[in-house]
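J.: Right, I'll just put the structure down here and ask away after.
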Amino acid sequence: MGKFWVAGRDAGRVLNHISANDVDGEAGRITYTQWLNDKGTLEADLTVTKLGDGEFMVVVTDTMHRHAETWMRRHIPGDAQAMVTDVTSAYCQINVQGPRSRELLQTLTSTDLSNEAFPFRTAREIDIGFARALCVRITYVGELGYELYIPAEQATHVYDRLVEASAPFGLRHAGLKALASLRMEKGYRDYGHDIDNTDNAFETGLGFFVDLNKPNFIGRDAALKQKAAGPLTRRLAQVLVKDPEPMLFHAEVVRRNGKPVGYVRAGSYGHTLGGAVGLVMVEAGEPINAAYLKDARWEIDIAGELYPAEVSLRPFYDPDMKRIRA
């Protein structure tokens, strides 16, 4: 991940002008947001953590590293007191994710990690062994989980402590392919992969994170027009192959009542769901709502063979986010 420390008297104002969501709330909170351009399409998809007054951590996917830095620097007004520092190499990120992640971490820190004391989206410095780490309760896999941002020189120490304490909790090492499968089951987006700068926030299902009550952010006027334009006829949805055998490799054509209406932008195997799952941009030419999805025969073309499929605007896995907030 690309990591940036944004600080200064006007840092909150600058980031709020760049961000579609309100990122300058209370300290100790992480906010998921998009950055829009003047056309209202997506420039970035990221998180902003407010560490304190005039102090923020911006985290973006590695493929957006230089673009995010350049976008921030270009949009700092000449009269603003704010600076952007690339701290990517200064911090190691270790993710501890899963139903027993709290139990494991609680054995290693004096900080109270209970749901009441450390709710979802909390960001706080905690002790682990001889190290101090920024612990953020957030997930990209759809489970209770935490991201640890550790000074690079202390990363090995924290990793060793985690592994040493892990036996009673069934810790397993997981890589990017496992993460890709889990985030796909949850329907989490990946900028540059299944969403990009040709899409807007509403058609990608991210309109919830656009705070239209907030004045003066980049792309607000365009977003207001998009919101007022009426029912969406182009929407990103999840597709689940009902047959557990075939795999998805991207670009498979999805059919509604025999008619092609989109293609898979990203896909993986959903081990929890019991079938391949992907994200498809449906271009219907008519309003896409619950009835449009339900009252239809959905199929997906995989290597020239049609398979029955299910299409949904809500995540197939834990749509009510009960596991994340547990």
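Letters A, B, ... mark the chains of the structure tokens in the order given; residue numbers begin at 1 per chain; ligand numbers begin at 1, in order shown.
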Can you check which residues of stretch 10-247 of chain A DSSP gives as helix (DSSP H, G or I) on the backbone and send them as a count of residues only?
T.: 69
J.: Can you list, as a PyMOL selection string, every protein, DNA or RNA residue that comes within 10 Å of stretch 251-265 of chain A when you count only C-alpha atoms, leaving out same-chain residues fewer than 6 positions away?
T.: chain A and resi 193-195+234-239+277-285+292-293+295-304+306-309+311
J.: When you look at stretch 226-228 of chain A with a cut-off of 9 Å (counting only C-alpha atoms), what residues show up, excluding the ones that are within fewer than 2 positions of it in the same chain? I need them as a list in words.
T.: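 Surrounding residues, per the criterion: Gly40, Asn200, Phe202, Gly207, Asp221, Ala222, Ala223, Leu224, Gly230 and Pro231 of chain A.
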J.: With a distance cut-off of 12 Å and only C-alpha atoms, select the neighbouring residues of stretch 97-107 of chain A, excluding the residue or stretch itself and same-chain residues fewer than 3 positions from it, and output the selection as a PyMOL selection string.
T.: chain A and resi 94+110-115+118-120+126-129+133+135-148+158-159+161-174+178-179+182+322-326
J.: Applying 7 Å and only C-alpha atoms, which residues near stretch 33-38 of chain A remain after dropping the ones on its own chain fewer than 4 positions away? List them as a ChimeraX atom specification.
T.: /A:18-21,42-47,209,218-219,222
J.: Might you pull out every residue within 8 Å of A:Thr85, with only C-alpha atoms counted and same-chain residues fewer than 6 positions away left off, and present them as a list in words?
T.: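 Contacts, in chain order: Phe4, Trp5 and Val6 of chain A.
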J.: Which one is closest to A:Ala152: A:Ala117, A:Val87, A:Ala123, A:Leu176? Count only C-alpha atoms.
T.: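 Of the candidates, the smallest distance to A:Ala152 is held by A:Val87.
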J.: What is the atom CA of A:Gly187-atom CA of A:Gly28 distance in Å, reported with one decimal?
T.: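 That distance, rounded to one decimal, is 26.3 Å.
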J.: Please tabulate, as a Markdown table, the residues of stretch 52-167 of chain A that come within 8 Å of stretch 7-15 of chain A, each with its closest pair of atoms and the distance in Å to one decimal, counting only C-alpha atoms and ordering rows by chain, then residue number upward.
T.:
| residue | atom | partner | partner_atom | distance |
| --- | --- | --- | --- | --- |
| A:Asp53 | CA | A:Arg9 | CA | 7.8 |
| A:Gly54 | CA | A:Gly8 | CA | 5.0 |
| A:Glu55 | CA | A:Ala7 | CA | 4.5 |
| A:Phe56 | CA | A:Ala7 | CA | 6.2 |
| A:Met72 | CA | A:Leu15 | CA | 7.9 |
| A:His75 | CA | A:Val14 | CA | 7.5 |
| A:Ile76 | CA | A:Val14 | CA | 6.2 |
| A:Pro77 | CA | A:Val14 | CA | 7.9 |
| A:Ala80 | CA | A:Asp10 | CA | 5.8 |
| A:Gln81 | CA | A:Asp10 | CA | 5.2 |
| A:Ala82 | CA | A:Gly8 | CA | 4.3 |
| A:Met83 | CA | A:Ala7 | CA | 5.5 |
| A:Val84 | CA | A:Ala7 | CA | 6.8 |
J.: Quick check, in Å to one decimal: how far apart do atom CA of A:Asn216 and atom CA of A:Lys39 lie?
T.: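 Distance between the two atoms: 14.4 Å.
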J.: Closest to A:Val59 among A:Ala155, A:Ala180, A:Ile30, A:Leu313, using only C-alpha atoms?
T.: A:Ile30
J.: Stretch 117-224 of chain A: which residues are strand (DSSP E or B) by DSSP, as an NGL selection string?
T.: :A and (122-128 or 131-136 or 145-151 or 191 or 195 or 200)
J.: Include N, CA, C and O atoms and write out the residues we just selected as a tab-separated table (two decimals), in the first residue's frame.
T.:
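Written output follows (out_4.tsv):
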chain	number	residue	atom	x	y	z
A	122	THR	N	-12.33	2.46	14.23
A	122	THR	CA	-11.46	3.12	15.20
A	122	THR	C	-10.00	3.02	14.75
A	122	THR	O	-9.57	2.00	14.19
A	123	ALA	N	-9.23	4.06	14.99
A	123	ALA	CA	-7.79	4.07	14.72
A	123	ALA	C	-7.09	4.60	15.96
A	123	ALA	O	-7.39	5.70	16.42
A	124	ARG	N	-6.15	3.80	16.49
A	124	ARG	CA	-5.49	4.19	17.73
A	124	ARG	C	-4.12	3.52	17.83
A	124	ARG	O	-3.94	2.40	17.36
A	125	GLU	N	-3.19	4.22	18.42
A	125	GLU	CA	-1.87	3.62	18.63
A	125	GLU	C	-1.95	2.63	19.79
A	125	GLU	O	-2.51	2.94	20.84
A	126	ILE	N	-1.39	1.43	19.59
A	126	ILE	CA	-1.39	0.42	20.63
A	126	ILE	C	0.03	-0.12	20.82
A	126	ILE	O	0.90	0.06	19.97
A	127	ASP	N	0.24	-0.76	21.96
A	127	ASP	CA	1.53	-1.41	22.21
A	127	ASP	C	1.45	-2.87	21.84
A	127	ASP	O	0.45	-3.55	22.09
A	128	ILE	N	2.51	-3.37	21.21
A	128	ILE	CA	2.67	-4.81	20.96
A	128	ILE	C	4.13	-5.13	21.25
A	128	ILE	O	5.02	-4.70	20.52
A	131	ALA	N	7.03	-2.57	20.73
A	131	ALA	CA	6.71	-1.68	19.62
A	131	ALA	C	5.43	-0.90	19.87
A	131	ALA	O	4.61	-1.27	20.72
A	132	ARG	N	5.28	0.19	19.13
A	132	ARG	CA	4.03	0.94	19.06
A	132	ARG	C	3.54	0.86	17.62
A	132	ARG	O	4.32	1.05	16.68
A	133	ALA	N	2.27	0.55	17.45
A	133	ALA	CA	1.70	0.42	16.11
A	133	ALA	C	0.39	1.17	16.02
A	133	ALA	O	-0.37	1.22	17.00
A	134	LEU	N	0.12	1.75	14.86
A	134	LEU	CA	-1.19	2.33	14.61
A	134	LEU	C	-2.11	1.17	14.25
A	134	LEU	O	-1.92	0.49	13.23
A	135	CYS	N	-3.11	0.93	15.09
A	135	CYS	CA	-4.06	-0.16	14.88
A	135	CYS	C	-5.36	0.43	14.36
A	135	CYS	O	-5.96	1.30	15.00
A	136	VAL	N	-5.79	-0.04	13.20
A	136	VAL	CA	-7.01	0.47	12.58
A	136	VAL	C	-7.98	-0.70	12.41
A	136	VAL	O	-7.64	-1.70	11.77
A	145	GLY	N	-11.57	-7.51	11.80
A	145	GLY	CA	-10.15	-7.50	11.49
A	145	GLY	C	-9.50	-6.15	11.76
A	145	GLY	O	-10.17	-5.15	12.02
A	146	TYR	N	-8.17	-6.16	11.68
A	146	TYR	CA	-7.37	-4.99	12.03
A	146	TYR	C	-6.21	-4.86	11.05
A	146	TYR	O	-5.62	-5.85	10.60
A	147	GLU	N	-5.87	-3.61	10.75
A	147	GLU	CA	-4.65	-3.29	10.01
A	147	GLU	C	-3.67	-2.67	10.98
A	147	GLU	O	-4.02	-1.73	11.71
A	148	LEU	N	-2.45	-3.18	10.98
A	148	LEU	CA	-1.40	-2.65	11.85
A	148	LEU	C	-0.38	-1.92	10.99
A	148	LEU	O	0.17	-2.50	10.04
A	149	TYR	N	-0.12	-0.66	11.32
A	149	TYR	CA	0.92	0.13	10.65
A	149	TYR	C	2.06	0.29	11.64
A	149	TYR	O	1.92	0.96	12.66
A	150	ILE	N	3.18	-0.36	11.33
A	150	ILE	CA	4.27	-0.53	12.28
A	150	ILE	C	5.52	0.13	11.73
A	150	ILE	O	5.86	-0.05	10.55
A	151	PRO	N	6.23	0.91	12.55
A	151	PRO	CA	7.52	1.44	12.09
A	151	PRO	C	8.37	0.30	11.53
A	151	PRO	O	8.46	-0.78	12.12
A	191	TYR	N	-9.77	-0.32	-7.16
A	191	TYR	CA	-9.57	0.70	-8.18
A	191	TYR	C	-8.43	0.30	-9.13
A	191	TYR	O	-7.36	-0.15	-8.70
A	195	ILE	N	-13.03	-1.04	-10.99
A	195	ILE	CA	-13.55	0.32	-11.14
A	195	ILE	C	-12.40	1.21	-11.60
A	195	ILE	O	-11.24	0.93	-11.28
A	200	ASN	N	-18.57	6.45	-12.39
A	200	ASN	CA	-18.86	7.38	-11.30
A	200	ASN	C	-19.23	6.60	-10.04
A	200	ASN	O	-19.42	5.38	-10.08
